[in-house]
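Participant: PDB, C-alpha atoms, pLDDT in the B column, file input.pdb:
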ATOM      1  CA  MET A   1      -9.415 -26.706  -0.970  1.00 88.00           C
ATOM      2  CA  PHE A   2      -6.522 -24.933   0.758  1.00 90.00           C
ATOM      3  CA  LEU A   3      -8.177 -21.518   0.407  1.00 91.00           C
ATOM      4  CA  GLN A   4     -11.426 -22.819   1.895  1.00 92.00           C
ATOM      5  CA  GLU A   5      -9.410 -24.233   4.783  1.00 92.00           C
ATOM      6  CA  LEU A   6      -7.588 -20.920   5.187  1.00 93.00           C
ATOM      7  CA  ALA A   7     -10.962 -19.168   5.368  1.00 93.00           C
ATOM      8  CA  VAL A   8     -12.167 -21.636   8.014  1.00 94.00           C
ATOM      9  CA  ASP A   9      -9.093 -20.953  10.146  1.00 93.00           C
ATOM     10  CA  GLU A  10      -9.556 -17.194   9.786  1.00 93.00           C
ATOM     11  CA  ILE A  11     -13.203 -17.345  10.847  1.00 93.00           C
ATOM     12  CA  LYS A  12     -12.285 -19.529  13.835  1.00 93.00           C
ATOM     13  CA  ASP A  13      -9.712 -16.932  14.891  1.00 92.00           C
ATOM     14  CA  ARG A  14     -12.315 -14.165  14.644  1.00 91.00           C
ATOM     15  CA  LEU A  15     -14.784 -16.146  16.744  1.00 92.00           C
ATOM     16  CA  MET A  16     -12.152 -16.696  19.441  1.00 90.00           C
ATOM     17  CA  MET A  17     -11.730 -12.918  19.713  1.00 89.00           C
ATOM     18  CA  VAL A  18     -15.463 -12.444  20.347  1.00 89.00           C
ATOM     19  CA  ASN A  19     -16.192 -12.815  24.048  1.00 83.00           C
ATOM     20  CA  ARG A  20     -19.412 -14.694  23.475  1.00 86.00           C
ATOM     21  CA  GLY A  21     -20.743 -18.200  22.944  1.00 87.00           C
ATOM     22  CA  PHE A  22     -23.034 -19.064  20.038  1.00 91.00           C
ATOM     23  CA  THR A  23     -25.785 -21.648  20.309  1.00 91.00           C
ATOM     24  CA  ASN A  24     -27.608 -21.334  16.970  1.00 93.00           C
ATOM     25  CA  PRO A  25     -25.036 -20.774  14.204  1.00 94.00           C
ATOM     26  CA  ALA A  26     -25.747 -21.014  10.487  1.00 95.00           C
ATOM     27  CA  VAL A  27     -23.192 -21.272   7.684  1.00 95.00           C
ATOM     28  CA  ILE A  28     -23.998 -20.345   4.083  1.00 95.00           C
ATOM     29  CA  THR A  29     -21.696 -22.429   1.887  1.00 93.00           C
ATOM     30  CA  GLY A  30     -21.387 -24.611  -1.160  1.00 90.00           C
ATOM     31  CA  PHE A  31     -18.832 -26.796   0.648  1.00 91.00           C
ATOM     32  CA  PRO A  32     -20.634 -28.299   3.675  1.00 90.00           C
ATOM     33  CA  GLU A  33     -17.977 -30.977   4.174  1.00 90.00           C
ATOM     34  CA  ILE A  34     -15.451 -28.247   5.018  1.00 90.00           C
ATOM     35  CA  TRP A  35     -17.614 -25.883   7.109  1.00 91.00           C
ATOM     36  CA  ALA A  36     -19.969 -28.251   8.942  1.00 87.00           C
ATOM     37  CA  GLU A  37     -17.670 -28.762  11.944  1.00 85.00           C
ATOM     38  CA  ILE A  38     -16.757 -25.133  12.565  1.00 88.00           C
ATOM     39  CA  LEU A  39     -19.158 -24.969  15.563  1.00 87.00           C
ATOM     40  CA  PRO A  40     -21.497 -27.421  17.308  1.00 86.00           C
ATOM     41  CA  ASN A  41     -25.121 -27.490  16.098  1.00 86.00           C
ATOM     42  CA  THR A  42     -24.250 -25.644  12.907  1.00 91.00           C
ATOM     43  CA  LYS A  43     -27.014 -25.371  10.317  1.00 93.00           C
ATOM     44  CA  ILE A  44     -25.624 -25.645   6.784  1.00 94.00           C
ATOM     45  CA  VAL A  45     -27.443 -23.400   4.299  1.00 94.00           C
ATOM     46  CA  PRO A  46     -26.902 -23.853   0.517  1.00 93.00           C
ATOM     47  CA  ASP A  47     -25.672 -20.723  -1.237  1.00 90.00           C
ATOM     48  CA  GLN A  48     -28.819 -20.086  -3.260  1.00 92.00           C
ATOM     49  CA  ASP A  49     -30.469 -16.804  -4.243  1.00 93.00           C
ATOM     50  CA  VAL A  50     -33.141 -17.354  -1.566  1.00 95.00           C
ATOM     51  CA  LEU A  51     -31.452 -18.566   1.600  1.00 93.00           C
ATOM     52  CA  ASP A  52     -33.040 -21.216   3.804  1.00 94.00           C
ATOM     53  CA  LEU A  53     -32.966 -19.019   6.886  1.00 94.00           C
ATOM     54  CA  ASN A  54     -35.790 -18.195   9.299  1.00 95.00           C
ATOM     55  CA  PRO A  55     -36.085 -14.610  10.569  1.00 95.00           C
ATOM     56  CA  GLY A  56     -34.505 -14.040  13.959  1.00 94.00           C
ATOM     57  CA  ALA A  57     -33.501 -17.696  14.365  1.00 94.00           C
ATOM     58  CA  HIS A  58     -29.711 -17.434  14.717  1.00 96.00           C
ATOM     59  CA  ASP A  59     -27.179 -15.663  16.893  1.00 94.00           C
ATOM     60  CA  LEU A  60     -24.413 -16.200  14.312  1.00 96.00           C
ATOM     61  CA  VAL A  61     -24.508 -16.338  10.508  1.00 96.00           C
ATOM     62  CA  ILE A  62     -21.348 -17.072   8.507  1.00 96.00           C
ATOM     63  CA  HIS A  63     -21.372 -16.361   4.777  1.00 95.00           C
ATOM     64  CA  ALA A  64     -18.571 -18.693   3.752  1.00 94.00           C
ATOM     65  CA  MET A  65     -16.662 -18.140   0.502  1.00 92.00           C
ATOM     66  CA  SER A  66     -19.713 -17.778  -1.740  1.00 90.00           C
ATOM     67  CA  LEU A  67     -20.636 -14.093  -1.646  1.00 89.00           C
ATOM     68  CA  HIS A  68     -18.491 -13.408  -4.717  1.00 87.00           C
ATOM     69  CA  TRP A  69     -20.691 -15.901  -6.608  1.00 86.00           C
ATOM     70  CA  ALA A  70     -23.976 -14.243  -5.618  1.00 87.00           C
ATOM     71  CA  ASN A  71     -26.196 -12.685  -8.269  1.00 86.00           C
ATOM     72  CA  ASP A  72     -27.380 -10.213  -5.593  1.00 91.00           C
ATOM     73  CA  PRO A  73     -24.726  -9.692  -2.879  1.00 91.00           C
ATOM     74  CA  ILE A  74     -26.695  -7.003  -1.044  1.00 93.00           C
ATOM     75  CA  GLY A  75     -29.732  -9.284  -1.026  1.00 94.00           C
ATOM     76  CA  GLN A  76     -27.638 -12.056   0.509  1.00 94.00           C
ATOM     77  CA  LEU A  77     -26.449  -9.757   3.293  1.00 95.00           C
ATOM     78  CA  ILE A  78     -29.959  -8.482   3.986  1.00 96.00           C
ATOM     79  CA  GLN A  79     -31.233 -12.055   4.278  1.00 96.00           C
ATOM     80  CA  ALA A  80     -28.370 -12.854   6.667  1.00 96.00           C
ATOM     81  CA  ARG A  81     -29.237  -9.832   8.834  1.00 96.00           C
ATOM     82  CA  HIS A  82     -32.928 -10.759   8.981  1.00 96.00           C
ATOM     83  CA  ALA A  83     -31.943 -14.254  10.137  1.00 96.00           C
ATOM     84  CA  LEU A  84     -30.092 -12.852  13.147  1.00 96.00           C
ATOM     85  CA  LYS A  85     -31.426 -12.236  16.604  1.00 95.00           C
ATOM     86  CA  PRO A  86     -30.864  -8.707  17.964  1.00 94.00           C
ATOM     87  CA  ASP A  87     -27.132  -8.210  18.569  1.00 93.00           C
ATOM     88  CA  GLY A  88     -26.366 -11.341  16.534  1.00 95.00           C
ATOM     89  CA  LEU A  89     -23.114 -11.546  14.597  1.00 96.00           C
ATOM     90  CA  MET A  90     -22.575 -11.936  10.863  1.00 96.00           C
ATOM     91  CA  LEU A  91     -19.161 -12.948   9.550  1.00 96.00           C
ATOM     92  CA  GLY A  92     -18.523 -13.133   5.839  1.00 95.00           C
ATOM     93  CA  VAL A  93     -15.459 -14.185   3.891  1.00 94.00           C
ATOM     94  CA  CYS A  94     -15.077 -14.025   0.128  1.00 92.00           C
ATOM     95  CA  PHE A  95     -12.553 -13.328  -2.597  1.00 92.00           C
ATOM     96  CA  GLY A  96     -11.688  -9.668  -3.129  1.00 91.00           C
ATOM     97  CA  GLY A  97     -10.810  -7.567  -6.142  1.00 88.00           C
ATOM     98  CA  GLN A  98      -7.072  -8.282  -6.111  1.00 91.00           C
ATOM     99  CA  THR A  99      -7.660 -12.017  -6.560  1.00 92.00           C
ATOM    100  CA  LEU A 100      -6.029 -13.441  -9.704  1.00 91.00           C
ATOM    101  CA  SER A 101      -4.924  -9.995 -10.870  1.00 92.00           C
ATOM    102  CA  GLU A 102      -2.023 -11.586 -12.756  1.00 93.00           C
ATOM    103  CA  LEU A 103      -4.246 -14.072 -14.582  1.00 91.00           C
ATOM    104  CA  ARG A 104      -6.767 -11.374 -15.431  1.00 89.00           C
ATOM    105  CA  ALA A 105      -4.064  -9.160 -16.992  1.00 91.00           C
ATOM    106  CA  VAL A 106      -2.395 -11.963 -18.952  1.00 93.00           C
ATOM    107  CA  LEU A 107      -5.602 -13.332 -20.458  1.00 90.00           C
ATOM    108  CA  ALA A 108      -6.779  -9.837 -21.445  1.00 89.00           C
ATOM    109  CA  GLU A 109      -3.472  -8.998 -23.143  1.00 91.00           C
ATOM    110  CA  VAL A 110      -3.214 -12.249 -25.092  1.00 91.00           C
ATOM    111  CA  GLU A 111      -6.862 -12.346 -26.183  1.00 86.00           C
ATOM    112  CA  THR A 112      -6.713  -8.731 -27.369  1.00 90.00           C
ATOM    113  CA  GLU A 113      -3.565  -9.359 -29.367  1.00 89.00           C
ATOM    114  CA  MET A 114      -4.735 -12.658 -30.811  1.00 87.00           C
ATOM    115  CA  PHE A 115      -8.404 -11.932 -31.560  1.00 82.00           C
ATOM    116  CA  GLY A 116      -8.700  -8.128 -31.506  1.00 82.00           C
ATOM    117  CA  GLY A 117     -10.974  -8.038 -28.450  1.00 78.00           C
ATOM    118  CA  LEU A 118     -11.655  -9.730 -25.149  1.00 74.00           C
ATOM    119  CA  SER A 119     -14.426 -11.343 -23.167  1.00 75.00           C
ATOM    120  CA  PRO A 120     -14.750 -11.605 -19.369  1.00 73.00           C
ATOM    121  CA  ARG A 121     -12.726 -14.609 -18.254  1.00 70.00           C
ATOM    122  CA  VAL A 122     -12.210 -13.830 -14.553  1.00 72.00           C
ATOM    123  CA  ALA A 123     -15.315 -12.803 -12.620  1.00 72.00           C
ATOM    124  CA  PRO A 124     -15.261  -9.277 -11.183  1.00 75.00           C
ATOM    125  CA  MET A 125     -14.884  -9.305  -7.401  1.00 83.00           C
ATOM    126  CA  GLY A 126     -15.696  -6.569  -4.924  1.00 85.00           C
ATOM    127  CA  GLU A 127     -13.140  -4.129  -3.579  1.00 89.00           C
ATOM    128  CA  ILE A 128     -12.872  -3.855   0.189  1.00 90.00           C
ATOM    129  CA  ARG A 129     -14.409  -0.358   0.312  1.00 90.00           C
ATOM    130  CA  ASP A 130     -17.402  -1.443  -1.777  1.00 91.00           C
ATOM    131  CA  LEU A 131     -18.012  -4.556   0.308  1.00 90.00           C
ATOM    132  CA  GLY A 132     -17.812  -2.531   3.512  1.00 90.00           C
ATOM    133  CA  ALA A 133     -20.433  -0.168   2.086  1.00 92.00           C
ATOM    134  CA  LEU A 134     -22.684  -3.153   1.356  1.00 92.00           C
ATOM    135  CA  LEU A 135     -22.688  -3.992   5.066  1.00 93.00           C
ATOM    136  CA  GLN A 136     -24.036  -0.523   5.820  1.00 92.00           C
ATOM    137  CA  ARG A 137     -26.635  -0.737   3.057  1.00 93.00           C
ATOM    138  CA  ALA A 138     -27.772  -4.093   4.425  1.00 93.00           C
ATOM    139  CA  GLY A 139     -28.448  -2.465   7.799  1.00 93.00           C
ATOM    140  CA  PHE A 140     -25.669  -3.954   9.913  1.00 94.00           C
ATOM    141  CA  ALA A 141     -24.406  -2.107  12.956  1.00 92.00           C
ATOM    142  CA  LEU A 142     -20.670  -1.673  13.683  1.00 91.00           C
ATOM    143  CA  PRO A 143     -19.632  -2.791  10.154  1.00 93.00           C
ATOM    144  CA  VAL A 144     -15.989  -3.673   9.519  1.00 93.00           C
ATOM    145  CA  ALA A 145     -14.269  -4.955   6.377  1.00 93.00           C
ATOM    146  CA  ASP A 146     -10.629  -6.023   6.271  1.00 93.00           C
ATOM    147  CA  SER A 147      -8.542  -8.181   3.984  1.00 92.00           C
ATOM    148  CA  MET A 148      -5.722 -10.694   3.949  1.00 92.00           C
ATOM    149  CA  ALA A 149      -3.561 -11.483   0.921  1.00 93.00           C
ATOM    150  CA  ARG A 150      -1.947 -14.769  -0.052  1.00 93.00           C
ATOM    151  CA  ASP A 151       0.558 -15.321  -2.860  1.00 94.00           C
ATOM    152  CA  VAL A 152       0.516 -18.878  -4.199  1.00 94.00           C
ATOM    153  CA  THR A 153       3.004 -20.335  -6.667  1.00 94.00           C
ATOM    154  CA  TYR A 154       2.375 -22.869  -9.419  1.00 94.00           C
ATOM    155  CA  SER A 155       4.540 -24.700 -11.905  1.00 95.00           C
ATOM    156  CA  ASP A 156       2.688 -23.111 -14.840  1.00 94.00           C
ATOM    157  CA  LEU A 157      -0.614 -21.637 -15.981  1.00 94.00           C
ATOM    158  CA  TYR A 158      -2.140 -25.082 -16.546  1.00 94.00           C
ATOM    159  CA  ALA A 159      -1.520 -26.082 -12.924  1.00 95.00           C
ATOM    160  CA  LEU A 160      -3.222 -22.888 -11.773  1.00 94.00           C
ATOM    161  CA  MET A 161      -6.274 -23.541 -13.970  1.00 91.00           C
ATOM    162  CA  ARG A 162      -6.540 -27.139 -12.712  1.00 92.00           C
ATOM    163  CA  ASP A 163      -6.528 -25.839  -9.147  1.00 91.00           C
ATOM    164  CA  LEU A 164      -9.235 -23.265  -9.917  1.00 90.00           C
ATOM    165  CA  ARG A 165     -11.448 -25.957 -11.423  1.00 88.00           C
ATOM    166  CA  GLY A 166     -10.790 -28.199  -8.432  1.00 88.00           C
ATOM    167  CA  MET A 167     -11.883 -25.510  -5.958  1.00 86.00           C
ATOM    168  CA  GLY A 168     -15.059 -24.793  -7.954  1.00 82.00           C
ATOM    169  CA  GLU A 169     -13.941 -21.356  -9.157  1.00 78.00           C
ATOM    170  CA  ARG A 170     -14.559 -21.699 -12.898  1.00 74.00           C
ATOM    171  CA  ASN A 171     -15.887 -18.879 -15.061  1.00 71.00           C
ATOM    172  CA  ALA A 172     -19.691 -18.827 -14.723  1.00 69.00           C
ATOM    173  CA  LEU A 173     -20.374 -15.354 -16.127  1.00 68.00           C
ATOM    174  CA  ALA A 174     -23.406 -15.267 -18.425  1.00 67.00           C
ATOM    175  CA  SER A 175     -21.607 -12.833 -20.736  1.00 65.00           C
ATOM    176  CA  ARG A 176     -18.521 -15.001 -21.169  1.00 68.00           C
ATOM    177  CA  ASN A 177     -17.399 -16.256 -24.565  1.00 68.00           C
ATOM    178  CA  THR A 178     -18.488 -19.906 -24.569  1.00 70.00           C
ATOM    179  CA  ARG A 179     -16.521 -20.994 -27.625  1.00 75.00           C
ATOM    180  CA  THR A 180     -13.620 -23.360 -27.045  1.00 79.00           C
ATOM    181  CA  MET A 181     -10.373 -21.437 -27.208  1.00 82.00           C
ATOM    182  CA  PRO A 182      -7.534 -22.969 -29.243  1.00 88.00           C
ATOM    183  CA  ARG A 183      -4.533 -24.476 -27.511  1.00 91.00           C
ATOM    184  CA  ARG A 184      -2.307 -21.751 -28.896  1.00 93.00           C
ATOM    185  CA  PHE A 185      -4.227 -19.169 -26.845  1.00 89.00           C
ATOM    186  CA  PHE A 186      -3.391 -20.884 -23.568  1.00 90.00           C
ATOM    187  CA  ASP A 187       0.184 -21.615 -24.652  1.00 94.00           C
ATOM    188  CA  ALA A 188       0.649 -17.903 -25.404  1.00 94.00           C
ATOM    189  CA  ALA A 189      -0.949 -16.957 -22.075  1.00 92.00           C
ATOM    190  CA  ASN A 190       1.359 -19.363 -20.251  1.00 95.00           C
ATOM    191  CA  THR A 191       4.401 -17.825 -21.944  1.00 95.00           C
ATOM    192  CA  ARG A 192       3.228 -14.287 -21.127  1.00 94.00           C
ATOM    193  CA  TYR A 193       2.538 -15.283 -17.517  1.00 93.00           C
ATOM    194  CA  GLU A 194       6.049 -16.699 -17.143  1.00 94.00           C
ATOM    195  CA  GLN A 195       7.557 -13.550 -18.652  1.00 93.00           C
ATOM    196  CA  HIS A 196       5.913 -11.204 -16.134  1.00 93.00           C
ATOM    197  CA  PHE A 197       5.115 -13.157 -12.981  1.00 95.00           C
ATOM    198  CA  THR A 198       7.874 -15.718 -12.413  1.00 93.00           C
ATOM    199  CA  THR A 199       9.351 -16.075  -8.923  1.00 92.00           C
ATOM    200  CA  GLU A 200      13.032 -16.571  -8.106  1.00 91.00           C
ATOM    201  CA  GLU A 201      12.309 -20.303  -7.852  1.00 91.00           C
ATOM    202  CA  GLY A 202      11.100 -20.395 -11.464  1.00 92.00           C
ATOM    203  CA  ARG A 203       7.403 -20.768 -10.636  1.00 96.00           C
ATOM    204  CA  ILE A 204       4.543 -18.424 -11.492  1.00 94.00           C
ATOM    205  CA  SER A 205       2.843 -16.390  -8.769  1.00 95.00           C
ATOM    206  CA  ALA A 206      -0.925 -16.001  -8.288  1.00 94.00           C
ATOM    207  CA  SER A 207      -2.500 -13.525  -5.863  1.00 94.00           C
ATOM    208  CA  PHE A 208      -5.561 -14.318  -3.765  1.00 94.00           C
ATOM    209  CA  GLU A 209      -7.282 -11.737  -1.565  1.00 94.00           C
ATOM    210  CA  LEU A 210      -9.722 -12.782   1.143  1.00 94.00           C
ATOM    211  CA  ILE A 211     -12.023 -10.068   2.437  1.00 94.00           C
ATOM    212  CA  ILE A 212     -13.574 -10.608   5.862  1.00 95.00           C
ATOM    213  CA  LEU A 213     -16.818  -8.810   6.671  1.00 95.00           C
ATOM    214  CA  THR A 214     -18.097  -8.284  10.214  1.00 95.00           C
ATOM    215  CA  GLY A 215     -21.465  -6.819  11.155  1.00 94.00           C
ATOM    216  CA  TRP A 216     -23.956  -7.006  13.992  1.00 94.00           C
ATOM    217  CA  ALA A 217     -27.732  -7.038  13.967  1.00 93.00           C
ATOM    218  CA  PRO A 218     -28.795  -3.704  15.497  1.00 92.00           C
ATOM    219  CA  ASP A 219     -29.637  -3.680  19.186  1.00 82.00           C
ATOM    220  CA  ALA A 220     -30.112  -0.947  21.787  1.00 80.00           C
ATOM    221  CA  SER A 221     -27.329  -2.428  23.951  1.00 81.00           C
ATOM    222  CA  GLN A 222     -24.658  -1.656  21.353  1.00 76.00           C
ATOM    223  CA  PRO A 223     -22.398   1.432  21.503  1.00 75.00           C
ATOM    224  CA  GLN A 224     -24.092   4.401  19.876  1.00 74.00           C
ATOM    225  CA  PRO A 225     -22.446   7.466  18.283  1.00 70.00           C
ATOM    226  CA  LEU A 226     -22.803  10.695  20.222  1.00 70.00           C
ATOM    227  CA  ARG A 227     -24.889  13.528  18.876  1.00 74.00           C
ATOM    228  CA  PRO A 228     -22.726  16.027  16.944  1.00 75.00           C
ATOM    229  CA  GLY A 229     -21.804  18.989  19.156  1.00 72.00           C
ATOM    230  CA  SER A 230     -22.391  17.112  22.429  1.00 73.00           C
ATOM    231  CA  ALA A 231     -18.710  16.864  23.418  1.00 74.00           C
ATOM    232  CA  ALA A 232     -17.991  17.964  26.996  1.00 77.00           C
ATOM    233  CA  ALA A 233     -14.256  18.691  26.447  1.00 80.00           C
ATOM    234  CA  ARG A 234     -12.129  20.388  23.815  1.00 79.00           C
ATOM    235  CA  LEU A 235      -9.984  18.080  21.657  1.00 79.00           C
ATOM    236  CA  ALA A 236      -7.001  20.412  22.132  1.00 81.00           C
ATOM    237  CA  ASP A 237      -7.235  19.981  25.932  1.00 82.00           C
ATOM    238  CA  VAL A 238      -7.386  16.190  25.620  1.00 82.00           C
ATOM    239  CA  LEU A 239      -4.324  16.178  23.332  1.00 84.00           C
ATOM    240  CA  GLY A 240      -2.466  18.724  25.459  1.00 84.00           C
ATOM    241  CA  THR A 241      -1.844  21.085  22.559  1.00 86.00           C
ATOM    242  CA  ASP A 242      -2.725  24.637  21.526  1.00 82.00           C
ATOM    243  CA  GLU A 243      -5.719  25.273  19.308  1.00 80.00           C
ATOM    244  CA  THR A 244      -4.924  27.358  16.253  1.00 80.00           C
ATOM    245  CA  LYS A 245      -7.761  29.204  14.570  1.00 79.00           C
ATOM    246  CA  LEU A 246      -7.693  28.772  10.810  1.00 78.00           C
ATOM    247  CA  PRO A 247      -8.232  31.770   8.545  1.00 81.00           C
ATOM    248  CA  ASP A 248     -11.662  32.109   6.913  1.00 70.00           C
TER     249      ASP A 248
END
Since I need it in another form, could you write the structure as structure tokens?
Facilitator:
Amino acid sequence: MFLQELAVDEIKDRLMMVNRGFTNPAVITGFPEIWAEILPNTKIVPDQDVLDLNPGAHDLVIHAMSLHWANDPIGQLIQARHALKPDGLMLGVCFGGQTLSELRAVLAEVETEMFGGLSPRVAPMGEIRDLGALLQRAGFALPVADSMARDVTYSDLYALMRDLRGMGERNALASRNTRTMPRRFFDAANTRYEQHFTTEEGRISASFELIILTGWAPDASQPQPLRPGSAAARLADVLGTDETKLPD
């Protein structure tokens, strides 16, 4: 659960930077034992397709490490926005597209060589630009998406897979190949992994990317963009430089 705990610490840091107290927080998570104590009076909401959230009931909604599992990510964000009071805050944290890039490459190479094709074995995860765009589509004001990367080392591929199962991150794709793969497939993948992604200490490296999403429920009190052409000063004057007219 070290990545869940890392996400908890990151969300706590973000909340400390917001100059505001929250009295009605809700956390969407499949791991209530980890997230329940993040704030007093926290409502724990299971990460289901239809979220147990009442419209306008919360001043803070945290979507905690489950958005990458959602069948409808944009629907999840829209439900979170509707649950917020005006000027309420939504914080989301989930795995990003660079997560397990090494494992994804190794399994694809070995399965293609061994069986002449491949099936999805690591779930696709959103890139930071795409997830930021989802915030805008969901109607959040002042949307921001940023990421943090963590490199984790393991003794071998089997230790990595045990950890993924332990943190509840198994392959749940409907289109996955459900047949049991032979031991030789995983032995070959372990060898390939060690050939390409071994650290100086003789361990394999696995990348995890956490993407943090921030958005606010729209409210008239928030900063608003100026109307185009309404500037009262020239940019060149502000910068103290000469303006050069470009040729047509």
Participant: On this structure, the PyMOL selection byres ((chain A and resi 143) around 8) would catch which residues? List them as a ChimeraX atom specification, sorted by chain and number.
Facilitator: /A:132,135-136,140-142,144-145,213-216
Participant: Taking a cut-off of 8 Å and counting all atoms listed in the file, can you build a table that, for each residue of region 119-207 of chain A near region 81-97 of chain A, reports the nearest atom pair and how far apart they are in Å (one decimal), sorted by chain then residue number, as JSON lines?
Facilitator:
{"residue": "A:Pro124", "atom": "CA", "partner": "A:Gly97", "partner_atom": "CA", "distance": 6.9}
{"residue": "A:Met125", "atom": "CA", "partner": "A:Gly97", "partner_atom": "CA", "distance": 4.6}
{"residue": "A:Gly126", "atom": "CA", "partner": "A:Gly97", "partner_atom": "CA", "distance": 5.1}
{"residue": "A:Glu127", "atom": "CA", "partner": "A:Gly97", "partner_atom": "CA", "distance": 4.9}
{"residue": "A:Ile128", "atom": "CA", "partner": "A:Gly96", "partner_atom": "CA", "distance": 6.8}
{"residue": "A:Ala138", "atom": "CA", "partner": "A:Arg81", "partner_atom": "CA", "distance": 7.4}
{"residue": "A:Gly139", "atom": "CA", "partner": "A:Arg81", "partner_atom": "CA", "distance": 7.5}
{"residue": "A:Phe140", "atom": "CA", "partner": "A:Arg81", "partner_atom": "CA", "distance": 7.0}
{"residue": "A:Ser147", "atom": "CA", "partner": "A:Gly96", "partner_atom": "CA", "distance": 7.9}
Participant: May I ask for the distance between CA of Asp9 (chain A) and CA of Arg203 (chain A), given in Å to one decimal place?
Facilitator: 26.5 Å
Participant: Choose the residue, out of A:Ile38, A:Ala26, A:Ala70, A:Leu100, that has the smallest atom-to-atom separation from Asn54 (chain A); count only C-alpha atoms.
Facilitator: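 The answer is A:Ala26, which sits nearest to Asn54 (chain A).
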Participant: For CA of Arg192 (chain A) and CA of Met65 (chain A), quote the distance in Å rounded to one decimal.
Facilitator: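 For CA of Arg192 (chain A) relative to CA of Met65 (chain A), the distance reads 29.6 Å.
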Participant: Could you write out as lines of an AutoDock Vina configuration file the box around region 160-164 of chain A (axis-aligned, all atoms listed in the file, 8 Å on each side), with centre and edge lengths in Å to one decimal?
Facilitator:
center_x = -6.2
center_y = -25.0
center_z = -11.6
size_x = 22.0
size_y = 20.3
size_z = 20.8
Participant: Mind listing as a ChimeraX atom specification all residues within 8 Å of (-2.7, -10.6, 2.5), counting only C-alpha atoms?
Facilitator: /A:147-151,208-210
Participant: Dump as a Markdown table the rows for residues of region 37-140 of chain A within 12 Å of region 154-158 of chain A: closest atom pair and distance in Å with one decimal, only C-alpha atoms counted, ordered by chain and rising residue number.
Facilitator:
| residue | atom | partner | partner_atom | distance |
| --- | --- | --- | --- | --- |
| A:Leu100 | CA | A:Leu157 | CA | 11.7 |
| A:Glu102 | CA | A:Leu157 | CA | 10.6 |
| A:Leu103 | CA | A:Leu157 | CA | 8.5 |
| A:Arg104 | CA | A:Leu157 | CA | 12.0 |
| A:Val106 | CA | A:Leu157 | CA | 10.3 |
| A:Leu107 | CA | A:Leu157 | CA | 10.7 |
Participant: Could you spell out the hits of the PyMOL selection byres ((chain A and resi 50) around 12) on the shown file, as a list in words?
Facilitator: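 This file gives the following for the PyMOL selection byres ((chain A and resi 50) around 12): Ile28, Val45, Pro46, Asp47, Gln48, Asp49, Leu51, Asp52, Leu53, Asn54, Ala70, Asn71, Asp72, Pro73, Gly75, Gln76, Leu77, Ile78, Gln79 and Ala80 of chain A.
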Participant: Applied to the shown file, which residues does the PyMOL selection byres ((chain A and resi 35) around 10) return, written as JSON, numbers by chain?
Facilitator: {"A": [4, 5, 7, 8, 27, 28, 29, 30, 31, 32, 33, 34, 36, 37, 38, 39, 42, 43, 44, 62, 64]}
Participant: Point out the residue among A:Gly229, A:Gly240, A:Pro182, A:Gly168 with the least atom-to-atom distance to Ser66 (chain A), counting all atoms listed in the file.
Facilitator: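 Among A:Gly229, A:Gly240, A:Pro182, A:Gly168, it is A:Gly168 that comes nearest to Ser66 (chain A).
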Participant: What separation in Å, quoted to one decimal, exists between CA of Arg183 (chain A) and CA of Arg162 (chain A)?
Facilitator: 15.2 Å
Participant: Is it possible to get the residues within 12 Å of (-5.1, -14.5, -15.3) (coordinates as in the file, counting all atoms listed in the file) written as a PyMOL selection string?
Facilitator: chain A and resi 98-111+120-123+156-158+160-161+164+171+186+189-190+192-194+196-197+204-208
Participant: Which of these, A:Gln222, A:Glu200, A:Arg165, A:Ser119, has the shortest distance to Arg179 (chain A) once you count only C-alpha atoms?
Facilitator: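 Among A:Gln222, A:Glu200, A:Arg165, A:Ser119, it is A:Ser119 that comes nearest to Arg179 (chain A).
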Participant: I need the residue nearest Gly166 (chain A) from this list: A:His68, A:Ala220, A:Ala133, A:Met1. Use all atoms listed in the file for the distance.
Facilitator: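 Comparing A:His68, A:Ala220, A:Ala133, A:Met1 against Gly166 (chain A), the winner is A:Met1.
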